Structures are given as C-alpha cells and as structure tokens.
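> I have a structure I would like to understand better, so I am pasting it below and will then ask my questions one at a time.
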Amino acid sequence: MQMTMRWFGKGFDSVTLEQIRQVPGVTGVITTLYGKLPGEVWETAEITALKAEVEAAGLHLAGIESVNIHDAIKTGAPERETYIANYITTLERLGQAGVRLVCYNFMPVFDWTRTELARKREDGSTTMAYNQKALDAIDPDAMTKTMNAQSKGYVMVGWEPERLAHLAELFAMYKDVDGEKLFANLTYFLKKIMPVCEKYGIHMAIHPDDPAWPVFGLTRIINNKENILRLMRAVDNPLNGVTLCTGSLGTNPRNDLPGIIAALKGRIHLAHVRNLRYNSSDAVDFEEAAHLSGDGSLDMYAIMKALYDIGFDGPIRPDHGRAVWGEVCMPGYGLYDRAMGACYLNGLWEAIDKGHR
Ligand SMILES: [Mn+2]
C-alpha cells in the first residue's frame, strides 16, 4: 500500500504540502480541483498545474478525490448525456496527465452527513458526530444551514452552497428515483465511461454512502457487501472498483469490514481507514474516534490485516481526524490527528508484514 493524505489545494486547505511531506511514510496526496461544480469540464492546464505543484513538493499525485457526478446523471434526466460527455472529457484530460485513480460517489443530493461537526470529547478534542434523532428532528434546509454554520468558514466538499441553494429543486429531481432506478443510472454511467477508463487505465473508485442508510428519505445503494458486489458484477471490469471507506461502511455495525474487504479483492482501488465509536448499540449515535482501535468500536488491526491479506497495493489514507491541540481547520481535515492516524496505520502494516516473514 501507499500511504497518502487528502489535500484540498492551496488557499482551500489549512494544511500545506510541505507539512504533509514531513509526515513519516506519506509519499503522496489525494487531491482535487477544489471549487469545480459537478458537471464542469476540467481544464488541462489546471490539471497539469495541480500535478506539478504536488510533485514540486516531493509528493506523488496518487489520485483525484473526487470528480463529482451531476445530479442529472444520478437521476437519469435527459440532459445526462451532456454531463456524461463532460465527465468523459475530464477523464480523458486526467488520463493524459497520468492520473490513474478517480474517486466519486453516487449519493442523492447530500454527500456525507453529520449532525455535529465539533462535538466535544472527554479529552477536550472535538470531532464530527451523527445522531439519528437529531437528524429526524430537522428538515434538509436546516441540516444544510447547520453544516455550513459549523464549518468555520470552510466550504466543505459535497456541501457547496451554490448547489444546495436549490434544495427544493434537487429533492423534486429525485422524487421518483428509488434504489433500483439509482442503480440502473449508475451502471448506465459506468458503462459509458469504461472505454475512456480502459484507454488510460483509470481506476474508478466509488465511495460508499455515509452514513450507510437513507437520509431524509433519499435512497442510498452503496452501503453493504451485497449491494457493492452487485455493482461489481453489473459492470464487471476491474477498473470499476471501490473506495473502501471503513468510517462510512462502518456506520452500520452489521457490516463486517474484514469480510467486505476479502470479498472485494482486486476491486479496492483506494482505502480510507478511520475509526468510529458507537454510542448506542443500534447506531442511533456515533462519533468519529481517533484511529487507534482502543478509542473506538472498529478493529483497525483486523481491517489492515484484511487489506494486507488481499495484497492491497493502492493508495490508502487516514480519513477524518479529530481537531486536537487547538488546531483550526476544516472539520475532519486537520493535520495533527490525521498525521497520528497515518503513523498508526503504518505501524500496524509494518507489524503485520513482519509477522508474515
Ligand atoms: Mn471516506
């Protein structure tokens, strides 16, 4: 595996490439052209400048997270053909620049969802948390306002105010989109883009739904082993793969993460590894823990061992971190806790690897 960190770009991220370069074992970044709206075509000059900037800092551009999908593609609206063509153009340009990994998600309207972005923990750190009762008590508009009010001025990926200003319109677009329709629209999209992926060897890595169940009545389909394997079979090309995100799939305690990893051998193109703590047995309340197994509910050793056992050799990154040591940063994306996470995951990997010799 190749240890990386996510970087949002100069002017958007509180963390610099120079800082990332100094985290032991981190050799690359997963990044994006921040501020691109879903459906926009990426310019070649912007892609090559981003790559050059990362490489000038002594790091490798390990993949793009994300090239987001326009709602017309997700809902199967007639104008999806235009947006699929735009997506193909962007992939073509990324491929020409040497990018071989693209993460995306297929969640209706909302990306990842939390009800608190800075819940205080016993040790004084703050972290992102989700409470189903709190979510049920508010409407989507209030949710959007809460997310943006707590973001400390950062515009968070998936929560762009420009797009979410049209919430009523977005909900109307998804009115008749059930799980089966969403699945059909996803496979339609993937089949259309596979030729350009094959041309350049671009690995598509769908990010699971976070949390792994419907939010505000909007269906979610990339949320368990059965559904993910169904997608792998429906477009049975090794370039159609997944981002194995333990913190997303792990929101549902019934998801056996090592079992899912084993079942996806050869199809995991990117790994997001982080821990969660369930504060109730039915996942009504959970918060994002430190990466250490003992701080949360997930067995991080078992997760890393499962990745090791399938011969995973792609990029991996610590995922969200807590805000610690007074750091002011985008929620979930400070330097300190993620750097500790990277070191811990590297330590687990080293121990597993040496134990096998
Ligand atoms: Mn993730």
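Ordering of the structure tokens sets the chain letters (A, B, ...), residue numbers begin anew at 1 in every chain, and ligands are numbered from 1 in the order given.
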Please, which residues have at least one atom within 10 Å of an atom of ligand 1, using only C-alpha atoms and all ligand atoms, listed as a list in words?
Glu65, Cys103, Trp112, His207, Pro208, Asp209, Asp210, Thr243, Leu244, Cys245, Thr246, Gly247, Ser248, Leu249, Leu270, Ala271, His272, Val273, Arg274, Arg317, Pro318, Asp319 and His320 of chain A
> If you keep C-alpha atoms, can you produce a file of those selected residues as a PDB file, in the first residue's frame?

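Written file, out-v3.pdb:
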ATOM      1  CA  GLU A  65     -10.987  12.723  -4.901  1.00  0.00           C
ATOM      2  CA  CYS A 103     -12.926   8.605  -6.567  1.00  0.00           C
ATOM      3  CA  TRP A 112     -21.541  12.624   3.749  1.00  0.00           C
ATOM      4  CA  HIS A 207     -17.149   5.929  -2.313  1.00  0.00           C
ATOM      5  CA  PRO A 208     -19.713   4.220  -0.082  1.00  0.00           C
ATOM      6  CA  ASP A 209     -22.677   6.132   1.296  1.00  0.00           C
ATOM      7  CA  ASP A 210     -22.074   7.892   4.589  1.00  0.00           C
ATOM      8  CA  THR A 243     -13.016   3.296  -2.269  1.00  0.00           C
ATOM      9  CA  LEU A 244     -13.073   1.111   0.815  1.00  0.00           C
ATOM     10  CA  CYS A 245     -14.110   3.642   3.471  1.00  0.00           C
ATOM     11  CA  THR A 246     -14.242   1.990   6.885  1.00  0.00           C
ATOM     12  CA  GLY A 247     -15.839   5.016   8.520  1.00  0.00           C
ATOM     13  CA  SER A 248     -18.738   5.016   6.043  1.00  0.00           C
ATOM     14  CA  LEU A 249     -19.469   1.293   5.741  1.00  0.00           C
ATOM     15  CA  LEU A 270      -8.391   3.396  -2.698  1.00  0.00           C
ATOM     16  CA  ALA A 271      -8.729   2.873   1.044  1.00  0.00           C
ATOM     17  CA  HIS A 272      -9.981   5.387   3.609  1.00  0.00           C
ATOM     18  CA  VAL A 273      -9.208   3.968   7.005  1.00  0.00           C
ATOM     19  CA  ARG A 274     -10.635   5.525  10.153  1.00  0.00           C
ATOM     20  CA  ARG A 317      -5.223   7.454   3.627  1.00  0.00           C
ATOM     21  CA  PRO A 318      -6.143   8.201   7.196  1.00  0.00           C
ATOM     22  CA  ASP A 319      -9.618   9.607   6.860  1.00  0.00           C
ATOM     23  CA  HIS A 320     -11.240  12.242   9.024  1.00  0.00           C
TER      24      HIS A 320
END
> Extract, using only C-alpha atoms, all DNA, RNA and protein residues at most 12 Å from region 81-94 of chain A, discarding same-chain residues fewer than 5 positions from it, and format them as a ChimeraX atom specification.
/A:32-33,36-51,61,63-64,66-76,99-104,185-186,188-204
> Any chance you could list, as a count of residues only, the residues in region 58-114 of chain A that come up alpha helix (DSSP H) when DSSP is run on the backbone?
22
> Return the single residue from A:Arg254, A:Arg277, A:Lys225, A:His269 that is closest to Pro238 (chain A), with distances computed using only C-alpha atoms.
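Looking only at the distances to Pro238 (chain A), the closest residue turns out to be A:His269.
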> Select from region 86-157 of chain A every residue with an atom at most 9 Å from any atom of region 321-326 of chain A, then for each give the shortest pair of atoms and their distance in Å to one decimal, using only C-alpha atoms, rows by chain and rising number, as CSV.

residue,atom,partner,partner_atom,distance
A:Ala118,CA,A:Ala323,CA,8.1
A:Gly124,CA,A:Val324,CA,7.9
A:Ser125,CA,A:Val324,CA,5.0
A:Thr126,CA,A:Ala323,CA,5.3
A:Thr127,CA,A:Arg322,CA,4.7
A:Met128,CA,A:Arg322,CA,7.5
> Which one is closest to Lys181 (chain A): A:Ile221, A:Val242, A:Ala339, A:Met3? Count only C-alpha atoms.
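Of A:Ile221, A:Val242, A:Ala339, A:Met3, the one nearest Lys181 (chain A) is A:Ile221, counting only C-alpha atoms.
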> Select from region 10-236 of chain A everything DSSP, run on the backbone, classes as strand (DSSP E or B), then give the selection as a PyMOL selection string.
chain A and resi 28-31+60-65+101-105+116-120+126-131+203-207+215+218
> Select, from A:Asn240, A:Thr113, A:Asn223, A:Asn131, the residue with the minimum atom-to-atom distance to Phe286 (chain A), counting only C-alpha atoms.
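Looking at the shortest contact to Phe286 (chain A), the residue is A:Asn131.
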> Which residue is closest to Gly341 (chain A)? Choose from A:Met147, A:Val23, A:Ala306, A:Leu264 and count only C-alpha atoms.
A:Val23
> Just how far from CA of Gly294 (chain A) is CA of Ala351 (chain A), in Å to one decimal?
17.1 Å
> Pick out the closest residue to Cys343 (chain A) from this set: A:Ala62, A:Ala289, A:Val26, A:Met1. Count only C-alpha atoms.
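Residue with the minimum atom-to-atom distance to Cys343 (chain A): A:Val26.
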> Report, in Å with one decimal, the straight-line distance from CA of Lys145 (chain A) to CA of His291 (chain A).
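Result for CA of Lys145 (chain A) versus CA of His291 (chain A): 28.8 Å, one decimal.
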